Amino acid sequence: MATFLYRWGRLAFRRRWYVALVWAAVLAAVGLGAMKAPGAADEEFSMPGIESQQAFDLLEERFPGTAADGATARVVFVAPGGEKVTATEHKEAVEAAVAELADGSQVASAVDPFEAGAVSEDGSTAYSTVTYEVGAADLTDASTAQLEKTLEQARDSGLTVEAGGTAMEDSGGPGGAAEAIGIAIAAVVLLVTFGSLAAAGLPLLTAVIGVGVSMAAILALSSALGLSTTTGTLAMMLGLAVGIDYALFVVSRYREERAKGTAPQEATALATGTAGSAVVFAGLTVVIALAGLSVVGIPMLTKMGLAAAGAVVVGVLIALTLVPAFLGFWPDAVLSRRARRRGRTEEGAKDNGGTRWARFVLRRPLPVLLLGVVGLGALAIPVADLQLGMPGDEAKSTSTTERRAYDALAEGFGPGFNGPLTVVVDARGAEDPEAAAATVAKEIGGTEGVVSVSPARFNEAGDTAVLSVVPATSPTDERTKDLVTTIRGERPAVAQETGATFDVTGTTALNIDISEKVQSALVPYLIVVVGLAVVLLLLVFRSVLVPLKAALGFLLSVLASLGTVVVVFQQGHGAELLGVETTGPIMSLMPIFLVGIVFGLAMDYEVFLVSRMREAYVHGESPAEAVTSGFRHSARVVTAAALIMIAVFAGFIGESDSMIKMIGFGLASAVLFDAFVVRMAIVPAVLALLGERAWWLPKWLDRILPRVDVEGEALSRPAADAPALPDKEVARA
């Protein structure tokens, strides 16, 4: 591996113009493909294998054409305190607003609340459902402006008017601003780390090129592969993260080799052969984690994972080809001003903050290990109380009209009104379908926790009915989850009595089922991802204990970060400091995203840090000296990479959306714990306690495992054209 990459890096340096032109051509080709390709379709979320999805599919089959794909807006009208919307003045204002809404160019219908009975019992609140002919992504600016204008006009009459629904969703998203802030912070960190504008700019430039290639490719293939507009979200985030990290690793090793007096071409080849090998295996672990998202069984998540894996592969290729080529264009520009003035300096042999910290840990390995493990373990305890869900408008800020509309409906119609359950009655096996549907409605209506059940609505064939059930509790309340379980538990008795069966669906039931499926898939996902990564790290480090230590440390950091998320966003401790107004269940996909993203970054730090220790060890240093050498060369780079990622993720905490806050906070916490507690403290402490045993590998396993040269053993001779045995193996021989 190291020999191949050494030659590849030297070739890229010598043929830098060809490499640059090839990547320019690739970027132009995928960019042109993205411009010419049909637009990405709206996301069609599906979750095979759960009851609510099966019920929805049955609903589409038995009620063809009724499953509306158009956007909706639920406009809520609330009369001033003590008054009623049914009063003549307010009623006229509501009817005028509904008529104005119905005249919209893309509006299919707007329901009059007084004709549809959509008025609360106390007469204080009414709502109108506006249905559009197109999806939310296809709404024109004129349509959204007309909706906003109508709301303002209705407010002028003295009514409180708010709106929720898919038509109110902001399709722009907050990503652009957060990514720009992250890149700016990354530039500052890199400038401080390297002391050179070129060295700071090179990883940023190559990372942006890699993200450009990846995103353009995703857009070009979106129609052919059925990718949605949201598929590239994870690819952009991770592509930027690993793109900076991988280029940073190669540039750092290049500067180290140049500091020893090595010529630019040779230094580039050595950096590609050594740091590049670590990049390849770090990238493989990330790809494993992302491809493993298919274990969850959510098609959208599988596509996102595979697209992000492709972005990581592009990042690896950029680091191994374009970065060496750019070093060929500007061989001295990436060096610090001091190095350029003084020429050769043995910076690698000097003590720095990394060596001082390593020696501190080596003198006190047991206290450091206990403090790190106990601290992260304490933070992980709240995970036992983890509740997953899919929060909706209730999790948004009260400054948004969607949240105010949600609160107004809950106050006027009850908390369960915002999350009705849809019961699909399949009466094909019943002798009297109408009687069977009535029995189902009566049985469910008598269940504790049910406020009301609507009359059955049959399809044209008369063999399938739909009931709307309003719970007494909110959609995210645990009692609503228990109610869904109770209703489903009544099915066998009803089927035996009537010959008909039923399924429960609707947004609330779908969210409950998704949460349960994701929670049950989390452990298999961890087993697959961590297990494959252990095997890969076994090849890299040729040690049994080092990969196990890496995996256990990762699990500890992930559990600790999930615990902090539960403490803040579910239990509410310190939530006000982050601007979180409403606490509740943790977003269902949050743990999966956290594991996938952080696993990749954690293995980056593990491979780059420990591979330098392994490199020093196989070249004759003692275990303790190897740990110190690893920190001397890698601590500053790993610290910079971690700080960049923390800054990028923490930038999302400032967004108003509670879900985005949660993701940003969780990822920033996980990187903080993994990089600075696990990799920089627990890892050297464990290696110090294990000593020679850390690098133990059974002889039978040593014979079976293929040899991959990650430490650059084959490059120990100047010619670098034949693999060289490690110093310790020479001694044994």
# chains A, B, ... in the order shown; residues from 1 in each chain; ligands from 1

$ residues_around --residues "A:Glu621" --least-positions-apart "2" --cutoff "12 Å" --atoms "only C-alpha atoms" --output "ChimeraX atom specification"
/A:612-619,623-630,691-692,726-728

$ residues_around --residues "A:Ala319" --least-positions-apart "4" --cutoff "6 Å" --atoms "only C-alpha atoms" --output "PDB file with C-alpha atoms, in the first residue's frame"
ATOM      1  CA  TYR A 246      -7.576  14.133   4.626  1.00  0.00           C
ATOM      2  CA  ALA A 247      -5.839  16.998   2.840  1.00  0.00           C
ATOM      3  CA  VAL A 323      -3.200  17.483  -3.148  1.00  0.00           C
TER       4      VAL A 323
END

$ select_by_dssp --residues "stretch 386-438 of chain A" --states "helix (DSSP H, G or I)" --output "PyMOL selection string"
chain A and resi 393-395+401-413+415-418+433-438

$ write_last_selection --atoms "N, CA and C atoms" --output "CSV table (one decimal), in the first residue's frame"
chain,number,residue,atom,x,y,z
A,393,ASP,N,-44.3,20.5,14.5
A,393,ASP,CA,-44.4,22.0,14.7
A,393,ASP,C,-44.3,22.3,16.2
A,394,GLU,N,-44.6,21.4,17.1
A,394,GLU,CA,-44.5,21.7,18.5
A,394,GLU,C,-43.1,21.9,19.0
A,395,ALA,N,-42.1,21.4,18.2
A,395,ALA,CA,-40.7,21.6,18.5
A,395,ALA,C,-40.1,22.9,18.0
A,401,THR,N,-45.0,31.0,12.9
A,401,THR,CA,-46.4,30.9,12.8
A,401,THR,C,-46.9,29.4,12.9
A,402,GLU,N,-46.0,28.5,12.4
A,402,GLU,CA,-46.4,27.0,12.5
A,402,GLU,C,-46.6,26.6,14.0
A,403,ARG,N,-45.7,27.1,14.8
A,403,ARG,CA,-45.8,26.7,16.3
A,403,ARG,C,-47.0,27.3,16.9
A,404,ARG,N,-47.3,28.6,16.6
A,404,ARG,CA,-48.4,29.3,17.1
A,404,ARG,C,-49.7,28.6,16.6
A,405,ALA,N,-49.8,28.2,15.4
A,405,ALA,CA,-50.9,27.5,14.9
A,405,ALA,C,-51.1,26.2,15.6
A,406,TYR,N,-50.1,25.5,15.8
A,406,TYR,CA,-50.1,24.2,16.6
A,406,TYR,C,-50.7,24.4,18.0
A,407,ASP,N,-50.2,25.4,18.7
A,407,ASP,CA,-50.7,25.7,20.0
A,407,ASP,C,-52.1,26.2,20.1
A,408,ALA,N,-52.5,26.9,19.0
A,408,ALA,CA,-53.9,27.4,19.0
A,408,ALA,C,-54.9,26.2,18.8
A,409,LEU,N,-54.5,25.3,17.9
A,409,LEU,CA,-55.4,24.1,17.7
A,409,LEU,C,-55.4,23.2,18.9
A,410,ALA,N,-54.3,23.1,19.6
A,410,ALA,CA,-54.3,22.3,20.8
A,410,ALA,C,-55.1,22.9,21.9
A,411,GLU,N,-55.1,24.2,22.0
A,411,GLU,CA,-56.0,24.8,23.0
A,411,GLU,C,-57.4,24.8,22.7
A,412,GLY,N,-57.7,25.0,21.4
A,412,GLY,CA,-59.1,25.0,21.0
A,412,GLY,C,-59.8,23.7,20.8
A,413,PHE,N,-59.0,22.7,20.3
A,413,PHE,CA,-59.6,21.4,20.0
A,413,PHE,C,-59.0,20.2,20.8
A,415,PRO,N,-55.2,18.6,22.8
A,415,PRO,CA,-53.8,18.3,22.4
A,415,PRO,C,-53.7,17.2,21.3
A,416,GLY,N,-54.6,16.3,21.3
A,416,GLY,CA,-54.6,15.2,20.4
A,416,GLY,C,-55.0,15.5,19.0
A,417,PHE,N,-55.6,16.7,18.8
A,417,PHE,CA,-56.2,17.1,17.5
A,417,PHE,C,-55.0,17.3,16.5
A,418,ASN,N,-53.8,17.7,16.9
A,418,ASN,CA,-52.7,17.9,16.0
A,418,ASN,C,-52.1,16.6,15.5
A,433,PRO,N,-69.8,-5.4,5.6
A,433,PRO,CA,-68.7,-4.4,5.8
A,433,PRO,C,-69.1,-3.2,6.7
A,434,GLU,N,-70.3,-2.7,6.5
A,434,GLU,CA,-70.7,-1.5,7.2
A,434,GLU,C,-70.8,-1.8,8.7
A,435,ALA,N,-71.4,-3.0,9.0
A,435,ALA,CA,-71.5,-3.4,10.4
A,435,ALA,C,-70.1,-3.6,11.0
A,436,ALA,N,-69.3,-4.2,10.2
A,436,ALA,CA,-67.9,-4.4,10.7
A,436,ALA,C,-67.2,-3.1,11.0
A,437,ALA,N,-67.3,-2.1,10.1
A,437,ALA,CA,-66.7,-0.8,10.4
A,437,ALA,C,-67.3,-0.2,11.6
A,438,ALA,N,-68.6,-0.3,11.8
A,438,ALA,CA,-69.2,0.3,13.0
A,438,ALA,C,-68.7,-0.4,14.2

$ select_by_dssp --residues "stretch 482-642 of chain A" --states "strand (DSSP E or B)" --output "list in words"
Thr501, Phe502, Asp503, Val504, Thr505, Ile586 and Met587 of chain A

$ write_last_selection --atoms "N, CA and C atoms" --output "mmCIF file, in the first residue's frame"
data_model
loop_
_atom_site.group_PDB
_atom_site.id
_atom_site.type_symbol
_atom_site.label_atom_id
_atom_site.label_comp_id
_atom_site.auth_asym_id
_atom_site.auth_seq_id
_atom_site.Cartn_x
_atom_site.Cartn_y
_atom_site.Cartn_z
ATOM 1 N N THR A 501 -60.460 -6.781 9.459
ATOM 2 C CA THR A 501 -59.267 -6.400 10.208
ATOM 3 C C THR A 501 -58.992 -4.925 9.955
ATOM 4 N N PHE A 502 -58.066 -4.356 10.701
ATOM 5 C CA PHE A 502 -57.756 -2.939 10.516
ATOM 6 C C PHE A 502 -56.292 -2.685 10.843
ATOM 7 N N ASP A 503 -55.786 -1.606 10.285
ATOM 8 C CA ASP A 503 -54.430 -1.133 10.560
ATOM 9 C C ASP A 503 -54.503 0.325 10.974
ATOM 10 N N VAL A 504 -53.537 0.730 11.796
ATOM 11 C CA VAL A 504 -53.479 2.110 12.273
ATOM 12 C C VAL A 504 -52.332 2.824 11.578
ATOM 13 N N THR A 505 -52.613 3.975 10.962
ATOM 14 C CA THR A 505 -51.592 4.767 10.293
ATOM 15 C C THR A 505 -51.825 6.241 10.604
ATOM 16 N N ILE A 586 -36.310 12.682 21.370
ATOM 17 C CA ILE A 586 -35.180 12.916 20.473
ATOM 18 C C ILE A 586 -35.553 12.424 19.074
ATOM 19 N N MET A 587 -35.204 13.199 18.061
ATOM 20 C CA MET A 587 -35.528 12.836 16.690
ATOM 21 C C MET A 587 -35.065 11.403 16.386
#

$ closest_residue --among "A:Leu234, A:Ala96, A:Leu526, A:Ala358" --to "A:Lys303" --atoms "only C-alpha atoms"
A:Leu234

$ closest_residue --among "A:Ala550, A:Glu152, A:Ser468, A:Val189" --to "A:Leu687" --atoms "only C-alpha atoms"
A:Ala550

$ atom_distance --atom1 "atom CA of A:Leu238" --atom2 "atom CA of A:Val595"
12.8 Å

$ atom_distance --atom1 "atom CA of A:Val598" --atom2 "atom CA of A:Met47"
24.6 Å

$ closest_residue --among "A:Phe56, A:Phe77, A:Phe63, A:Trp357" --to "A:Thr422" --atoms "only C-alpha atoms"
A:Phe56
